[in-house]
$ cat model_12.txt   # compact mmCIF, C-alpha atoms
# COMPACT_ATOMS: atom_id res chain seq x y z
CA MET O 23 79.64 69.20 -4.39
CA ALA O 24 82.67 68.54 -2.28
CA SER O 25 82.11 68.19 1.43
CA GLU O 26 83.80 70.53 3.87
CA LYS O 27 87.15 69.89 5.57
CA THR O 28 87.28 66.37 6.95
CA GLU O 29 84.44 64.70 5.08
CA THR O 30 85.55 62.58 2.12
CA MET O 31 83.33 61.84 -0.85
CA THR O 32 82.93 58.28 -2.09
CA PRO O 33 84.54 57.98 -5.56
CA THR O 34 82.07 57.57 -8.40
CA ALA O 35 82.08 54.40 -10.43
CA GLY O 36 84.97 54.26 -12.86
CA ALA O 37 86.80 57.23 -11.35
CA SER O 38 90.23 56.93 -9.81
CA PRO O 39 90.33 57.92 -6.16
CA ALA O 40 92.39 60.96 -5.30
CA PRO O 41 95.71 60.17 -3.63
CA PRO O 42 95.53 60.50 0.15
CA VAL O 43 96.95 63.66 1.65
CA GLN O 44 99.20 62.86 4.59
CA THR O 45 98.67 65.36 7.37
CA GLU O 46 99.98 65.62 10.88
CA SER O 47 96.44 65.03 12.15
CA ALA O 48 96.09 61.85 10.10
CA GLU O 49 99.44 60.57 11.37
CA LYS O 50 98.35 61.13 14.96
CA GLN O 51 95.07 59.32 14.29
CA ALA O 52 96.75 56.22 12.82
CA PRO O 53 97.77 54.65 16.18
CA THR O 54 94.33 55.49 17.57
CA ARG O 55 92.67 53.83 14.59
CA ALA O 56 94.82 50.72 14.98
CA TRP O 57 94.16 50.07 18.68
CA ALA O 58 90.51 51.06 18.38
CA THR O 59 89.93 48.68 15.47
CA ARG O 60 91.52 45.78 17.34
CA LEU O 61 89.47 46.60 20.43
CA VAL O 62 86.27 46.78 18.42
CA ILE O 63 86.94 43.33 16.96
CA VAL O 64 87.48 41.86 20.44
CA GLY O 65 84.40 43.68 21.71
CA ILE O 66 82.24 42.43 18.83
CA VAL O 67 83.32 38.82 19.41
CA LEU O 68 82.73 38.90 23.17
CA ALA O 69 79.43 40.77 22.84
CA ALA O 70 78.19 38.30 20.24
CA MET O 71 79.01 35.36 22.51
CA ASN O 72 76.61 36.84 25.10
CA LEU O 73 73.60 37.31 22.84
CA ARG O 74 72.08 33.82 23.30
CA PRO O 75 73.30 32.02 26.49
CA ALA O 76 70.48 33.66 28.48
CA ILE O 77 68.06 31.79 26.21
CA THR O 78 69.74 28.47 25.42
CA SER O 79 70.84 27.88 29.02
CA LEU O 80 67.18 28.21 30.00
CA GLY O 81 66.13 25.81 27.23
CA ALA O 82 68.50 23.15 28.56
CA LEU O 83 66.97 23.42 32.05
CA LEU O 84 63.40 24.32 31.09
CA GLU O 85 61.88 21.24 32.73
CA GLU O 86 63.71 21.93 36.01
CA VAL O 87 62.74 25.61 35.93
CA ARG O 88 59.11 24.70 35.24
CA ASP O 89 59.06 22.34 38.22
CA GLY O 90 60.92 24.76 40.47
CA LEU O 91 58.63 27.70 39.70
CA GLY O 92 55.44 25.67 39.27
CA MET O 93 54.86 26.63 35.63
CA SER O 94 52.27 25.08 33.33
CA GLY O 95 53.12 24.16 29.75
CA THR O 96 51.32 27.27 28.50
CA LEU O 97 53.26 29.51 30.89
CA ALA O 98 56.50 27.87 29.83
CA GLY O 99 55.52 28.65 26.26
CA LEU O 100 55.03 32.27 27.33
CA LEU O 101 58.51 32.19 28.84
CA THR O 102 59.98 31.14 25.50
CA SER O 103 58.10 34.06 23.88
CA VAL O 104 59.68 36.64 26.20
CA PRO O 105 62.93 36.96 24.16
CA PRO O 106 61.33 38.13 20.91
CA LEU O 107 58.94 40.41 22.85
CA CYS O 108 61.84 42.12 24.61
CA PHE O 109 63.85 42.29 21.40
CA ALA O 110 60.94 44.05 19.67
CA ILE O 111 60.29 46.51 22.50
CA PHE O 112 63.86 47.43 23.38
CA GLY O 113 65.43 46.98 19.94
CA VAL O 114 63.46 49.85 18.43
CA MET O 115 65.09 52.20 20.97
CA ALA O 116 68.63 51.30 19.92
CA PRO O 117 69.17 53.82 17.04
CA ARG O 118 67.99 56.74 19.19
CA LEU O 119 70.16 55.67 22.11
CA ALA O 120 73.14 55.17 19.80
CA LYS O 121 72.68 58.61 18.27
CA ARG O 122 72.67 60.23 21.71
CA PHE O 123 75.30 58.20 23.57
CA GLY O 124 77.19 56.39 20.82
CA PRO O 125 76.90 52.71 19.80
CA SER O 126 79.86 51.67 21.98
CA ALA O 127 78.29 53.09 25.14
CA VAL O 128 74.95 51.43 24.44
CA VAL O 129 76.56 48.03 23.82
CA CYS O 130 78.68 48.42 26.97
CA VAL O 131 75.59 49.10 29.09
CA GLY O 132 73.83 46.27 27.29
CA MET O 133 76.49 43.78 28.37
CA ALA O 134 76.20 45.05 31.96
CA ALA O 135 72.42 44.58 31.83
CA ILE O 136 72.88 41.00 30.62
CA ALA O 137 75.22 40.25 33.52
CA ALA O 138 72.86 41.79 36.08
CA GLY O 139 69.81 40.01 34.74
CA LEU O 140 71.48 36.60 34.66
CA VAL O 141 72.73 36.96 38.24
CA ILE O 142 69.37 38.10 39.59
CA ARG O 143 66.80 35.93 37.83
CA PRO O 144 67.48 32.50 39.40
CA PHE O 145 67.42 33.82 42.96
CA ILE O 146 64.78 36.54 42.93
CA GLY O 147 61.97 34.07 43.66
CA GLY O 148 58.66 33.48 41.88
CA THR O 149 57.70 33.46 38.22
CA ALA O 150 57.08 37.23 38.01
CA GLY O 151 60.54 38.04 39.36
CA PHE O 152 62.14 35.46 37.08
CA LEU O 153 60.43 37.04 34.05
CA ALA O 154 61.40 40.59 35.11
CA ALA O 155 65.08 39.72 35.55
CA THR O 156 65.03 37.81 32.28
CA ALA O 157 63.60 40.92 30.60
CA LEU O 158 66.51 42.99 31.96
CA ALA O 159 69.04 40.63 30.40
CA LEU O 160 67.07 40.51 27.17
CA ALA O 161 66.93 44.32 27.00
CA GLY O 162 70.73 44.33 26.92
CA ILE O 163 70.69 41.68 24.23
CA ALA O 164 68.08 43.60 22.21
CA VAL O 165 70.01 46.84 21.82
CA SER O 166 73.22 44.94 21.08
CA ASN O 167 71.40 42.84 18.47
CA VAL O 168 70.39 45.96 16.57
CA LEU O 169 73.71 47.78 16.90
CA MET O 170 76.06 44.97 15.87
CA PRO O 171 75.33 45.41 12.12
CA VAL O 172 75.64 49.18 12.62
CA ILE O 173 79.06 48.87 14.24
CA VAL O 174 80.21 46.49 11.49
CA LYS O 175 79.02 48.87 8.76
CA ARG O 176 80.59 51.87 10.52
CA TRP O 177 84.03 50.38 11.28
CA PHE O 178 84.35 47.83 8.46
CA PRO O 179 82.33 49.12 5.46
CA ASP O 180 84.49 47.18 3.01
CA ARG O 181 84.35 43.94 5.04
CA VAL O 182 80.66 43.60 5.88
CA GLY O 183 80.55 39.92 4.89
CA SER O 184 83.65 38.75 6.75
CA MET O 185 82.94 40.79 9.91
CA THR O 186 79.29 39.74 9.97
CA GLY O 187 80.54 36.19 9.61
CA LEU O 188 82.94 36.62 12.53
CA TYR O 189 80.20 38.14 14.69
CA SER O 190 77.70 35.44 13.72
CA MET O 191 80.27 32.70 14.35
CA ALA O 192 80.94 34.06 17.85
CA LEU O 193 77.20 34.27 18.48
CA ALA O 194 76.76 30.64 17.43
CA LEU O 195 79.70 29.61 19.62
CA GLY O 196 78.20 31.26 22.69
CA THR O 197 74.83 29.73 21.91
CA SER O 198 76.18 26.21 21.55
CA LEU O 199 78.43 26.43 24.61
CA ALA O 200 75.49 27.43 26.79
CA ALA O 201 73.36 24.62 25.37
CA ALA O 202 76.06 21.97 25.80
CA LEU O 203 77.55 22.97 29.14
CA THR O 204 74.59 24.17 31.19
CA VAL O 205 73.46 20.70 32.33
CA PRO O 206 76.95 19.32 33.19
CA VAL O 207 77.95 22.62 34.85
CA THR O 208 74.75 22.50 36.89
CA ASP O 209 75.51 18.94 37.96
CA GLY O 210 79.09 19.86 38.79
CA LEU O 211 78.01 22.81 40.95
CA GLY O 212 75.64 20.84 43.11
CA GLY O 213 72.69 20.16 40.84
CA ARG O 214 70.80 23.40 41.50
CA TRP O 215 69.30 24.89 38.35
CA GLN O 216 69.68 28.36 39.87
CA THR O 217 73.46 28.07 39.88
CA GLY O 218 73.53 26.56 36.41
CA LEU O 219 71.71 29.59 35.00
CA ALA O 220 73.57 32.26 36.99
CA VAL O 221 77.06 31.11 36.01
CA TRP O 222 76.63 32.58 32.50
CA ALA O 223 76.73 36.09 33.98
CA LEU O 224 80.52 35.73 34.18
CA LEU O 225 80.80 35.70 30.39
CA ALA O 226 78.81 38.95 30.20
CA VAL O 227 81.05 40.62 32.79
CA VAL O 228 84.09 39.83 30.63
CA ALA O 229 82.32 41.30 27.59
CA VAL O 230 81.94 44.69 29.28
CA ILE O 231 85.71 45.21 29.51
CA PRO O 232 86.73 45.98 25.88
CA TRP O 233 83.91 48.49 25.41
CA ILE O 234 84.94 50.67 28.36
CA PRO O 235 87.98 52.29 26.64
CA LEU O 236 85.87 52.84 23.50
CA VAL O 237 83.26 54.68 25.55
CA ARG O 238 85.87 56.78 27.36
CA ASP O 239 87.64 57.71 24.11
CA ARG O 240 84.52 58.12 22.03
CA SER O 241 85.64 61.36 20.35
CA GLN O 242 89.03 59.92 19.35
CA THR O 243 87.67 56.65 17.99
CA ALA O 244 84.92 58.44 16.09
CA ALA O 245 87.53 60.62 14.40
CA ALA O 246 89.68 57.60 13.69
CA VAL O 247 87.08 55.92 11.48
CA PRO O 248 85.32 58.54 9.32
CA GLU O 249 82.57 57.14 7.16
CA HIS O 250 83.02 57.91 3.48
CA VAL O 251 79.51 58.45 2.13
CA SER O 252 78.30 61.19 -0.16
CA ALA O 253 76.28 64.17 0.96
CA ALA O 254 73.39 62.88 -1.17
CA VAL O 255 73.34 59.58 0.73
CA ARG O 256 73.44 61.45 4.05
CA ARG O 257 70.40 63.47 3.00
CA GLU O 258 68.59 60.32 1.90
CA ASP O 259 69.26 58.57 5.20
CA ASP O 260 68.38 61.58 7.37
CA GLY O 261 64.86 61.65 5.93
CA LEU O 262 64.55 57.94 5.21
CA ARG O 263 61.02 56.59 5.72
CA ILE O 264 61.95 52.97 6.12
CA THR O 265 58.34 51.76 6.08
CA SER O 266 58.03 52.91 2.47
CA SER O 267 60.48 50.25 1.32
CA ARG O 268 59.17 46.87 0.21
CA THR O 269 62.58 45.34 0.78
CA ALA O 270 62.55 46.59 4.39
CA TRP O 271 59.19 44.87 4.94
CA ALA O 272 60.42 41.69 3.26
CA LEU O 273 63.49 41.68 5.50
CA ALA O 274 61.33 42.27 8.59
CA VAL O 275 59.00 39.37 7.77
CA PHE O 276 61.91 37.10 6.86
CA PHE O 277 63.66 38.05 10.08
CA GLY O 278 60.47 37.33 12.04
CA LEU O 279 59.92 33.91 10.52
CA GLN O 280 63.52 32.79 10.99
CA ALA O 281 63.42 34.09 14.58
CA THR O 282 60.22 32.10 15.16
CA ALA O 283 61.96 28.93 14.03
CA ALA O 284 65.10 29.71 16.03
CA TYR O 285 63.35 30.41 19.34
CA ILE O 286 61.07 27.42 19.00
CA THR O 287 64.18 25.33 18.43
CA MET O 288 66.12 26.84 21.34
CA GLY O 289 63.15 26.69 23.68
CA TRP O 290 61.56 23.36 22.82
CA MET O 291 63.96 21.08 20.92
CA PRO O 292 65.54 19.57 24.06
CA GLN O 293 62.04 18.77 25.34
CA ILE O 294 61.13 17.10 22.04
CA PHE O 295 64.12 14.80 22.39
CA ARG O 296 63.50 14.16 26.09
CA ASP O 297 59.90 13.17 25.38
CA ALA O 298 61.23 10.75 22.76
CA GLY O 299 63.34 9.02 25.42
CA VAL O 300 66.63 10.86 24.95
CA PRO O 301 68.42 11.57 28.30
CA ALA O 302 68.48 15.19 29.46
CA GLY O 303 72.24 15.54 29.06
CA GLU O 304 72.19 14.19 25.52
CA ALA O 305 69.22 16.39 24.63
CA GLY O 306 71.26 19.41 25.70
CA VAL O 307 74.19 18.23 23.59
CA LEU O 308 71.88 17.82 20.59
CA LEU O 309 70.74 21.42 20.98
CA ALA O 310 74.41 22.37 21.25
CA VAL O 311 75.10 20.54 17.98
CA THR O 312 72.28 22.47 16.33
CA MET O 313 73.71 25.75 17.59
CA ALA O 314 77.31 24.71 16.86
CA MET O 315 76.51 24.30 13.16
CA GLY O 316 76.36 28.05 13.11
CA VAL O 317 80.01 28.36 14.15
CA PRO O 318 81.55 27.45 10.78
CA LEU O 319 78.50 28.19 8.63
CA ALA O 320 77.85 31.60 10.15
CA PHE O 321 81.31 32.61 8.97
CA VAL O 322 80.95 31.09 5.52
CA ILE O 323 77.38 32.07 4.62
CA PRO O 324 77.78 35.88 4.96
CA ARG O 325 80.93 35.75 2.82
CA VAL O 326 79.10 33.74 0.17
CA ALA O 327 76.05 36.02 0.39
CA THR O 328 78.07 39.19 -0.22
CA ARG O 329 79.50 37.66 -3.39
CA LEU O 330 76.03 37.02 -4.82
CA THR O 331 73.84 39.65 -6.42
CA ASN O 332 70.77 37.76 -5.19
CA GLN O 333 70.73 35.82 -1.91
CA GLY O 334 67.54 33.90 -2.80
CA PRO O 335 69.29 30.58 -3.56
CA VAL O 336 70.89 30.58 -0.09
CA VAL O 337 67.47 31.18 1.47
CA ILE O 338 66.03 28.19 -0.42
CA VAL O 339 68.82 25.82 0.63
CA LEU O 340 68.51 26.76 4.30
CA GLY O 341 64.73 26.47 4.26
CA THR O 342 64.82 23.04 2.62
CA CYS O 343 67.12 21.79 5.39
CA GLY O 344 64.62 23.07 7.95
CA LEU O 345 61.73 21.22 6.32
CA ALA O 346 63.76 17.99 6.27
CA GLY O 347 64.69 18.42 9.94
CA TYR O 348 61.07 18.90 11.03
CA ALA O 349 60.00 15.86 9.03
CA GLY O 350 62.68 13.81 10.76
CA LEU O 351 61.63 14.99 14.22
CA TYR O 352 58.10 13.80 13.45
CA LEU O 353 59.00 10.43 11.91
CA ALA O 354 61.96 9.29 14.06
CA PRO O 355 62.89 11.87 16.73
CA ALA O 356 65.22 9.57 18.69
CA GLY O 357 66.48 7.27 15.95
CA GLY O 358 67.80 10.05 13.72
CA ALA O 359 68.31 12.67 16.42
CA TRP O 360 71.81 13.66 15.35
CA VAL O 361 70.83 14.06 11.70
CA TRP O 362 67.83 16.26 12.57
CA ALA O 363 69.98 18.35 14.88
CA LEU O 364 72.46 18.95 12.06
CA LEU O 365 69.76 19.85 9.53
CA LEU O 366 68.08 22.29 11.90
CA GLY O 367 71.47 23.79 12.68
CA ILE O 368 71.98 24.51 8.98
CA SER O 369 68.48 25.98 8.74
CA ASN O 370 69.12 28.28 11.71
CA CYS O 371 71.88 29.97 9.73
CA ALA O 372 69.12 32.08 8.20
CA PHE O 373 69.95 34.46 11.07
CA PRO O 374 73.46 35.46 9.91
CA LEU O 375 72.10 35.58 6.37
CA ALA O 376 69.42 38.05 7.48
CA LEU O 377 72.03 40.19 9.26
CA THR O 378 74.19 40.21 6.16
CA MET O 379 71.28 41.30 3.98
CA VAL O 380 70.53 44.13 6.43
CA GLY O 381 74.08 45.39 5.92
CA MET O 382 73.78 45.07 2.13
CA ARG O 383 70.36 46.67 1.67
CA ALA O 384 71.35 50.16 2.94
CA LYS O 385 74.11 52.54 1.84
CA SER O 386 75.43 53.95 5.14
CA SER O 387 75.62 53.14 8.84
CA VAL O 388 72.69 55.52 9.45
CA GLY O 389 70.59 53.65 6.91
CA VAL O 390 71.69 50.31 8.34
CA ALA O 391 70.73 51.49 11.85
CA LYS O 392 67.21 52.38 10.73
CA LEU O 393 66.82 49.21 8.66
CA SER O 394 68.26 47.00 11.40
CA ALA O 395 65.99 48.49 14.07
CA PHE O 396 62.92 48.19 11.85
CA ALA O 397 63.64 44.68 10.55
CA GLN O 398 64.59 43.26 13.94
CA SER O 399 61.91 44.97 16.03
CA THR O 400 59.13 44.19 13.55
CA GLY O 401 60.51 40.73 12.97
CA TYR O 402 60.65 39.87 16.65
CA LEU O 403 57.07 41.11 17.08
CA ILE O 404 56.06 38.71 14.32
CA SER O 405 57.89 35.86 16.07
CA ILE O 406 56.23 36.30 19.48
CA PRO O 407 53.20 33.99 18.98
CA GLY O 408 55.25 31.06 17.66
CA PRO O 409 56.86 29.62 20.82
CA LEU O 410 53.71 30.33 22.85
CA LEU O 411 51.52 28.57 20.30
CA VAL O 412 53.85 25.58 20.32
CA GLY O 413 53.45 25.34 24.10
CA VAL O 414 49.65 25.50 23.84
CA LEU O 415 49.51 22.89 21.07
CA TYR O 416 51.89 20.62 22.97
CA GLN O 417 49.88 20.82 26.20
CA HIS O 418 46.47 20.30 24.61
CA SER O 419 47.39 17.69 22.00
CA GLY O 420 49.68 15.69 24.27
CA GLY O 421 52.31 15.24 21.56
CA TRP O 422 54.54 16.95 19.03
CA GLY O 423 52.64 16.25 15.80
CA LEU O 424 50.72 19.54 15.64
CA PRO O 425 53.63 21.73 16.86
CA LEU O 426 55.93 20.22 14.24
CA ALA O 427 53.30 20.74 11.54
CA LEU O 428 53.16 24.40 12.55
CA MET O 429 56.95 24.72 12.35
CA ALA O 430 57.07 23.14 8.89
CA GLY O 431 54.16 25.28 7.68
CA LEU O 432 55.93 28.50 8.69
CA MET O 433 59.07 27.49 6.81
CA VAL O 434 57.32 27.82 3.43
CA PRO O 435 56.57 31.58 3.65
CA GLN O 436 60.04 32.06 5.14
CA ILE O 437 61.54 30.73 1.91
CA VAL O 438 59.27 32.87 -0.29
CA ILE O 439 59.73 36.14 1.63
CA GLY O 440 63.46 35.55 2.09
CA THR O 441 63.86 35.21 -1.66
CA LEU O 442 62.17 38.59 -2.12
CA ALA O 443 64.39 40.17 0.55
CA GLY O 444 67.48 38.83 -1.22
CA ARG O 445 66.97 40.86 -4.38
CA ASN O 446 69.76 43.29 -5.30
CA ARG O 447 68.46 46.73 -4.23
CA THR O 448 68.75 49.28 -1.43
CA VAL O 449 66.05 50.77 0.76
CA GLU O 450 67.21 54.32 -0.10
CA ASP O 451 66.70 53.72 -3.83
CA GLU O 452 63.29 52.15 -3.24
CA VAL O 453 62.06 55.00 -1.05
CA THR O 454 63.37 57.61 -3.51
CA ALA O 455 61.75 55.84 -6.47
CA ARG O 456 58.44 55.56 -4.65
CA ALA O 457 58.50 59.25 -3.70
CA THR O 458 59.26 60.20 -7.32
CA THR O 459 56.35 58.22 -8.75
CA ALA O 460 53.88 59.20 -6.01
$ encode --input "model_12.txt" --output "structure tokens"
Amino acid sequence: MASEKTETMTPTAGASPAPPVQTESAEKQAPTRAWATRLVIVGIVLAAMNLRPAITSLGALLEEVRDGLGMSGTLAGLLTSVPPLCFAIFGVMAPRLAKRFGPSAVVCVGMAAIAAGLVIRPFIGGTAGFLAATALALAGIAVSNVLMPVIVKRWFPDRVGSMTGLYSMALALGTSLAAALTVPVTDGLGGRWQTGLAVWALLAVVAVIPWIPLVRDRSQTAAAVPEHVSAAVRREDDGLRITSSRTAWALAVFFGLQATAAYITMGWMPQIFRDAGVPAGEAGVLLAVTMAMGVPLAFVIPRVATRLTNQGPVVIVLGTCGLAGYAGLYLAPAGGAWVWALLLGISNCAFPLALTMVGMRAKSSVGVAKLSAFAQSTGYLISIPGPLLVGVLYQHSGGWGLPLALMAGLMVPQIVIGTLAGRNRTVEDEVTARATTA
């Protein structure tokens, strides 16, 4: 049945789309659509660059922060577990907030929260205050994490792979810049770790700017980019019980395992190299190299993934690189440091792959919002124990043998579950099929 007035049905397979009807309203919307699309692209890039510096800048100065705040190794491990905890808690709120205020407004406030948290946390005093301010910044990151795939699906439904790649590339760039520059910037600003952490708030302030016009002109930009999905898909997504989908659960577990590996790497890899005799500055650069691998690969991998009917082979390649990197860190952490950093950087590109699969496994932006919130929130809950357990094992064993064994052991189920998540199906079809057979 045809939808009313402005809604446009998606053409069925094999049918020729009806020629567009040029109306005065459409002509007026064209300039709005053009500037809004350009602004969204700028906003996505700047927002993505702010989604990891709060974490990797802390990893580069973790030893100084531990000494300055009097943290034990176990408490430092807890600190590295705070990001996934906040992502799980606050990320699940993102679809509801976006439905009420609009995704642009939520991301705009998220960037402001990142800026505020990064300014406050080094100077608030004490471990409790440091954790609270960190949680504020991470809350902003959490809602933006969930809504980035939604915004991509909503504004660029025919370019999910390339736009996810652009977003992931910007995220990797921000991550690597924070890892590489935090130590030299800290030294250049007087050597105080507080200043070295706070300076990254400036990047978040810049990221607020492009979202402000989108928030102010929400009604115009919403009209400028109508989403062409059928009424049947809208009904499916309105009543979608995401927990009834096996693919949704596979994506959540895969997301959790790759997040575990990523946050262990960001939180502890510089310390692994420093304990092996690598200078602090070089250890930060090695983490930057690991993160920088995501700059080109995060753009390439989503484009490759969208051209494949099954993303399992990509999952296997990335996981194998991770296993090789962990083995190298155990056998020769200093001697082959650059090789292990490169291998782990390739392995960490499971993150943009997971985001791409989220965009491919649902039919509309509403479905993507529900799937993204479920997969990321559940996944980050799964990842919480990993960094903490690494800290406990490191403190009580006095070395990195057991922590590295844990990291390698978790990579195996990541490969298996990721292969299942990469199968060619959608959560709507799975939920409908399950309801039919129940």
$ residues_around --input "model_12.txt" --residues "range 383-388 of chain O" --least-positions-apart "2" --cutoff "6 Å" --atoms "all atoms listed in the file" --output "PyMOL selection string"
chain O and resi 172+175-176+379-381+390-391+448-449
$ atom_distance --input "model_12.txt" --atom1 "CA of Thr441 in chain O" --atom2 "CA of Pro335 in chain O"
7.4 Å
$ closest_residue --input "model_12.txt" --among "O:Ala110, O:Ala70, O:Leu84, O:Ala58" --to "Ala281 in chain O" --atoms "all atoms listed in the file"
O:Ala110
$ atom_distance --input "model_12.txt" --atom1 "CA of Pro235 in chain O" --atom2 "CA of Val114 in chain O"
26.0 Å
$ closest_residue --input "model_12.txt" --among "O:Pro75, O:Gly278, O:Pro324, O:Gly183" --to "Ile136 in chain O" --atoms "only C-alpha atoms"
O:Pro75
$ atom_distance --input "model_12.txt" --atom1 "CA of Gln280 in chain O" --atom2 "CA of Ala372 in chain O"
6.3 Å
$ residues_near_point --input "model_12.txt" --point "(78.8, 37.4, 2.2)" --cutoff "12 Å" --atoms "all atoms listed in the file" --output "PDB file with C-alpha atoms, in the frame of the given file"
ATOM      1  CA  ASP O 180      84.490  47.180   3.010  1.00  0.00           C
ATOM      2  CA  ARG O 181      84.350  43.940   5.040  1.00  0.00           C
ATOM      3  CA  VAL O 182      80.660  43.600   5.880  1.00  0.00           C
ATOM      4  CA  GLY O 183      80.550  39.920   4.890  1.00  0.00           C
ATOM      5  CA  SER O 184      83.650  38.750   6.750  1.00  0.00           C
ATOM      6  CA  MET O 185      82.940  40.790   9.910  1.00  0.00           C
ATOM      7  CA  THR O 186      79.290  39.740   9.970  1.00  0.00           C
ATOM      8  CA  GLY O 187      80.540  36.190   9.610  1.00  0.00           C
ATOM      9  CA  LEU O 188      82.940  36.620  12.530  1.00  0.00           C
ATOM     10  CA  SER O 190      77.700  35.440  13.720  1.00  0.00           C
ATOM     11  CA  LEU O 319      78.500  28.190   8.630  1.00  0.00           C
ATOM     12  CA  ALA O 320      77.850  31.600  10.150  1.00  0.00           C
ATOM     13  CA  PHE O 321      81.310  32.610   8.970  1.00  0.00           C
ATOM     14  CA  VAL O 322      80.950  31.090   5.520  1.00  0.00           C
ATOM     15  CA  ILE O 323      77.380  32.070   4.620  1.00  0.00           C
ATOM     16  CA  PRO O 324      77.780  35.880   4.960  1.00  0.00           C
ATOM     17  CA  ARG O 325      80.930  35.750   2.820  1.00  0.00           C
ATOM     18  CA  VAL O 326      79.100  33.740   0.170  1.00  0.00           C
ATOM     19  CA  ALA O 327      76.050  36.020   0.390  1.00  0.00           C
ATOM     20  CA  THR O 328      78.070  39.190  -0.220  1.00  0.00           C
ATOM     21  CA  ARG O 329      79.500  37.660  -3.390  1.00  0.00           C
ATOM     22  CA  LEU O 330      76.030  37.020  -4.820  1.00  0.00           C
ATOM     23  CA  THR O 331      73.840  39.650  -6.420  1.00  0.00           C
ATOM     24  CA  ASN O 332      70.770  37.760  -5.190  1.00  0.00           C
ATOM     25  CA  GLN O 333      70.730  35.820  -1.910  1.00  0.00           C
ATOM     26  CA  VAL O 336      70.890  30.580  -0.090  1.00  0.00           C
ATOM     27  CA  PRO O 374      73.460  35.460   9.910  1.00  0.00           C
ATOM     28  CA  LEU O 375      72.100  35.580   6.370  1.00  0.00           C
ATOM     29  CA  ALA O 376      69.420  38.050   7.480  1.00  0.00           C
ATOM     30  CA  LEU O 377      72.030  40.190   9.260  1.00  0.00           C
ATOM     31  CA  THR O 378      74.190  40.210   6.160  1.00  0.00           C
ATOM     32  CA  MET O 379      71.280  41.300   3.980  1.00  0.00           C
ATOM     33  CA  VAL O 380      70.530  44.130   6.430  1.00  0.00           C
ATOM     34  CA  GLY O 381      74.080  45.390   5.920  1.00  0.00           C
ATOM     35  CA  MET O 382      73.780  45.070   2.130  1.00  0.00           C
ATOM     36  CA  GLY O 444      67.480  38.830  -1.220  1.00  0.00           C
TER      37      GLY O 444
END
$ closest_residue --input "model_12.txt" --among "O:Leu158, O:Ile111, O:Leu91, O:Ile264" --to "Thr454 in chain O" --atoms "all atoms listed in the file"
O:Ile264
$ closest_residue --input "model_12.txt" --among "O:Ser394, O:Thr287, O:Ser419, O:Thr269" --to "Asn446 in chain O" --atoms "all atoms listed in the file"
O:Thr269
$ closest_residue --input "model_12.txt" --among "O:Ala356, O:Leu73, O:Val275, O:Leu411" --to "Gln436 in chain O" --atoms "all atoms listed in the file"
O:Val275
